[in-house]
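J.: This is the content of start-v7.cif (mmCIF, N, CA and C atoms):
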data_work
#
loop_
_atom_site.label_atom_id
_atom_site.label_comp_id
_atom_site.auth_asym_id
_atom_site.auth_seq_id
_atom_site.Cartn_x
_atom_site.Cartn_y
_atom_site.Cartn_z
N ALA A 25 33.06 -45.30 -18.94
CA ALA A 25 32.07 -45.33 -17.89
C ALA A 25 32.00 -43.99 -17.17
N GLN A 26 33.15 -43.40 -16.91
CA GLN A 26 33.18 -42.12 -16.20
C GLN A 26 32.56 -41.02 -17.05
N TYR A 27 32.82 -41.05 -18.35
CA TYR A 27 32.25 -40.05 -19.24
C TYR A 27 30.73 -40.17 -19.31
N GLU A 28 30.24 -41.40 -19.44
CA GLU A 28 28.80 -41.62 -19.51
C GLU A 28 28.12 -41.16 -18.22
N GLU A 29 28.77 -41.41 -17.09
CA GLU A 29 28.23 -40.98 -15.80
C GLU A 29 28.16 -39.46 -15.73
N ALA A 30 29.20 -38.80 -16.20
CA ALA A 30 29.22 -37.33 -16.20
C ALA A 30 28.13 -36.77 -17.11
N GLN A 31 27.91 -37.43 -18.26
CA GLN A 31 26.83 -37.02 -19.17
C GLN A 31 25.47 -37.15 -18.48
N THR A 32 25.29 -38.25 -17.76
CA THR A 32 24.03 -38.47 -17.04
C THR A 32 23.82 -37.41 -15.98
N VAL A 33 24.88 -37.11 -15.24
CA VAL A 33 24.79 -36.06 -14.21
C VAL A 33 24.43 -34.73 -14.84
N LEU A 34 25.03 -34.42 -15.98
CA LEU A 34 24.72 -33.16 -16.67
C LEU A 34 23.25 -33.12 -17.08
N THR A 35 22.76 -34.20 -17.65
CA THR A 35 21.36 -34.26 -18.07
C THR A 35 20.42 -34.07 -16.88
N LEU A 36 20.69 -34.79 -15.80
CA LEU A 36 19.84 -34.69 -14.61
C LEU A 36 19.92 -33.30 -13.98
N THR A 37 21.11 -32.72 -14.00
CA THR A 37 21.27 -31.37 -13.44
C THR A 37 20.52 -30.35 -14.28
N ARG A 38 20.55 -30.50 -15.59
CA ARG A 38 19.79 -29.59 -16.46
C ARG A 38 18.29 -29.72 -16.18
N GLU A 39 17.83 -30.95 -16.03
CA GLU A 39 16.40 -31.17 -15.74
C GLU A 39 16.04 -30.55 -14.39
N SER A 40 16.92 -30.70 -13.41
CA SER A 40 16.67 -30.10 -12.10
C SER A 40 16.65 -28.59 -12.19
N TYR A 41 17.50 -28.02 -13.02
CA TYR A 41 17.53 -26.58 -13.21
C TYR A 41 16.21 -26.08 -13.80
N VAL A 42 15.72 -26.79 -14.82
CA VAL A 42 14.46 -26.40 -15.46
C VAL A 42 13.31 -26.45 -14.45
N GLN A 43 13.39 -27.40 -13.53
CA GLN A 43 12.34 -27.55 -12.52
C GLN A 43 12.56 -26.64 -11.31
N GLY A 44 13.63 -25.86 -11.34
CA GLY A 44 13.90 -24.93 -10.26
C GLY A 44 14.55 -25.58 -9.05
N GLN A 45 15.08 -26.77 -9.20
CA GLN A 45 15.67 -27.50 -8.07
C GLN A 45 17.19 -27.44 -8.05
N ALA A 46 17.80 -26.83 -9.04
CA ALA A 46 19.26 -26.69 -9.10
C ALA A 46 19.58 -25.31 -9.65
N SER A 47 20.75 -24.83 -9.29
CA SER A 47 21.17 -23.52 -9.79
C SER A 47 21.89 -23.67 -11.13
N TYR A 48 22.02 -22.55 -11.81
CA TYR A 48 22.74 -22.58 -13.08
C TYR A 48 24.21 -22.90 -12.84
N LEU A 49 24.71 -22.52 -11.68
CA LEU A 49 26.09 -22.86 -11.32
C LEU A 49 26.27 -24.38 -11.27
N ASP A 50 25.26 -25.10 -10.79
CA ASP A 50 25.31 -26.57 -10.78
C ASP A 50 25.40 -27.12 -12.21
N VAL A 51 24.63 -26.51 -13.11
CA VAL A 51 24.66 -26.94 -14.52
C VAL A 51 26.05 -26.68 -15.11
N LEU A 52 26.59 -25.50 -14.86
CA LEU A 52 27.91 -25.17 -15.39
C LEU A 52 28.98 -26.10 -14.82
N SER A 53 28.87 -26.43 -13.56
CA SER A 53 29.83 -27.34 -12.94
C SER A 53 29.78 -28.72 -13.59
N ALA A 54 28.58 -29.22 -13.83
CA ALA A 54 28.42 -30.52 -14.49
C ALA A 54 28.95 -30.46 -15.92
N LEU A 55 28.70 -29.35 -16.60
CA LEU A 55 29.19 -29.18 -17.97
C LEU A 55 30.72 -29.15 -18.01
N LEU A 56 31.32 -28.46 -17.05
CA LEU A 56 32.78 -28.42 -16.97
C LEU A 56 33.37 -29.81 -16.76
N SER A 57 32.69 -30.62 -15.97
CA SER A 57 33.16 -32.00 -15.75
C SER A 57 33.15 -32.79 -17.05
N VAL A 58 32.06 -32.68 -17.80
CA VAL A 58 31.96 -33.38 -19.08
C VAL A 58 33.04 -32.89 -20.04
N GLN A 59 33.21 -31.59 -20.13
CA GLN A 59 34.20 -31.03 -21.04
C GLN A 59 35.62 -31.41 -20.64
N GLY A 60 35.88 -31.49 -19.35
CA GLY A 60 37.19 -31.91 -18.88
C GLY A 60 37.50 -33.34 -19.29
N LEU A 61 36.49 -34.21 -19.18
CA LEU A 61 36.67 -35.60 -19.59
C LEU A 61 36.84 -35.71 -21.10
N GLU A 62 36.11 -34.89 -21.85
CA GLU A 62 36.28 -34.88 -23.31
C GLU A 62 37.69 -34.44 -23.69
N ARG A 63 38.18 -33.44 -22.99
CA ARG A 63 39.54 -32.95 -23.24
C ARG A 63 40.57 -34.04 -22.91
N ASP A 64 40.35 -34.75 -21.81
CA ASP A 64 41.25 -35.85 -21.45
C ASP A 64 41.25 -36.93 -22.52
N LEU A 65 40.07 -37.24 -23.06
CA LEU A 65 39.97 -38.26 -24.11
C LEU A 65 40.71 -37.82 -25.37
N ILE A 66 40.54 -36.57 -25.75
CA ILE A 66 41.23 -36.04 -26.92
C ILE A 66 42.74 -36.09 -26.71
N ASP A 67 43.20 -35.70 -25.52
CA ASP A 67 44.63 -35.75 -25.23
C ASP A 67 45.17 -37.17 -25.29
N ALA A 68 44.41 -38.13 -24.77
CA ALA A 68 44.84 -39.53 -24.80
C ALA A 68 44.92 -40.04 -26.24
N ARG A 69 43.96 -39.68 -27.07
CA ARG A 69 43.99 -40.10 -28.47
C ARG A 69 45.16 -39.46 -29.21
N ARG A 70 45.42 -38.20 -28.93
CA ARG A 70 46.55 -37.52 -29.55
C ARG A 70 47.86 -38.19 -29.14
N GLN A 71 47.99 -38.53 -27.87
CA GLN A 71 49.20 -39.19 -27.40
C GLN A 71 49.35 -40.57 -28.02
N GLN A 72 48.23 -41.28 -28.18
CA GLN A 72 48.27 -42.60 -28.81
C GLN A 72 48.77 -42.49 -30.25
N LEU A 73 48.26 -41.52 -30.98
CA LEU A 73 48.71 -41.33 -32.36
C LEU A 73 50.18 -40.92 -32.42
N SER A 74 50.59 -40.07 -31.52
CA SER A 74 51.98 -39.65 -31.47
C SER A 74 52.89 -40.85 -31.17
N ASN A 75 52.47 -41.70 -30.25
CA ASN A 75 53.25 -42.89 -29.93
C ASN A 75 53.33 -43.84 -31.12
N ARG A 76 52.23 -43.96 -31.84
CA ARG A 76 52.21 -44.83 -33.02
C ARG A 76 53.18 -44.31 -34.09
N ILE A 77 53.19 -43.00 -34.28
CA ILE A 77 54.11 -42.40 -35.25
C ILE A 77 55.55 -42.63 -34.82
N ASP A 78 55.83 -42.43 -33.53
CA ASP A 78 57.19 -42.67 -33.02
C ASP A 78 57.61 -44.12 -33.22
N LEU A 79 56.70 -45.04 -32.99
CA LEU A 79 57.00 -46.46 -33.17
C LEU A 79 57.30 -46.77 -34.64
N CYS A 80 56.49 -46.21 -35.53
CA CYS A 80 56.72 -46.43 -36.96
C CYS A 80 58.07 -45.86 -37.39
N ARG A 81 58.40 -44.68 -36.90
CA ARG A 81 59.69 -44.08 -37.25
C ARG A 81 60.84 -44.94 -36.74
N ALA A 82 60.71 -45.44 -35.52
CA ALA A 82 61.76 -46.28 -34.94
C ALA A 82 61.92 -47.58 -35.73
N ALA A 83 60.81 -48.08 -36.28
CA ALA A 83 60.85 -49.33 -37.04
C ALA A 83 61.21 -49.08 -38.51
N GLY A 84 61.30 -47.82 -38.91
CA GLY A 84 61.63 -47.49 -40.29
C GLY A 84 60.49 -47.72 -41.25
N VAL A 85 59.27 -47.62 -40.74
CA VAL A 85 58.07 -47.84 -41.56
C VAL A 85 57.29 -46.54 -41.60
N ALA A 86 56.80 -46.18 -42.78
CA ALA A 86 55.98 -44.98 -42.89
C ALA A 86 54.64 -45.23 -42.20
N PRO A 87 54.17 -44.29 -41.38
CA PRO A 87 52.87 -44.46 -40.73
C PRO A 87 51.77 -44.71 -41.75
N GLY A 88 50.90 -45.64 -41.45
CA GLY A 88 49.78 -45.93 -42.34
C GLY A 88 50.08 -46.99 -43.38
N THR A 89 51.31 -47.48 -43.42
CA THR A 89 51.64 -48.55 -44.37
C THR A 89 51.94 -49.82 -43.60
N ARG A 90 51.88 -50.91 -44.31
CA ARG A 90 52.19 -52.20 -43.68
C ARG A 90 53.67 -52.50 -43.88
N SER A 91 54.26 -53.09 -42.87
CA SER A 91 55.67 -53.46 -43.00
C SER A 91 55.78 -54.72 -43.86
N PRO A 92 56.85 -54.84 -44.61
CA PRO A 92 57.02 -56.04 -45.43
C PRO A 92 57.21 -57.26 -44.55
N THR A 93 56.63 -58.37 -44.98
CA THR A 93 56.75 -59.61 -44.20
C THR A 93 57.65 -60.60 -44.87
#
For the file at hand, write its structure as structure tokens.

T.:
Amino acid sequence: AQYEEAQTVLTLTRESYVQGQASYLDVLSALLSVQGLERDLIDARRQQLSNRIDLCRAAGVAPGTRSPT
């Protein structure tokens, strides 16, 4: 939800800039917000994968394989 909101703000800010109602600094600020959230998402996904690998190692299972039942 936060990412979608930041995308909307960026779009509206770009439109305002084209219409002369916002500065380019406003556009850059909105863009930085979107990029920061994208970076946070990438970091969270990386951490999730790292945790999954650690869990598999602790369980003695190769990542990406199913454990025997």

J.: Report, in Å with one decimal, the straight-line distance from CA of Ser40 (chain A) to atom C of Tyr27 (chain A).

T.: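 CA of Ser40 (chain A) sits 18.7 Å away from atom C of Tyr27 (chain A).
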
J.: Which value, in Å to one decimal, gives the distance between atom N of Leu55 (chain A) and CA of Leu34 (chain A)?

T.: 5.5 Å

J.: DSSP on the backbone, helix (DSSP H, G or I) only: what residues of chain A does that give? Format it as a ChimeraX atom specification.

T.: /A:26-42,48-83

J.: Report, in Å to a single decimal, how far apart CA of Arg38 (chain A) and atom N of Leu52 (chain A) are.

T.: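 We find that atom N of Leu52 (chain A) and CA of Arg38 (chain A) lie 8.1 Å from each other.
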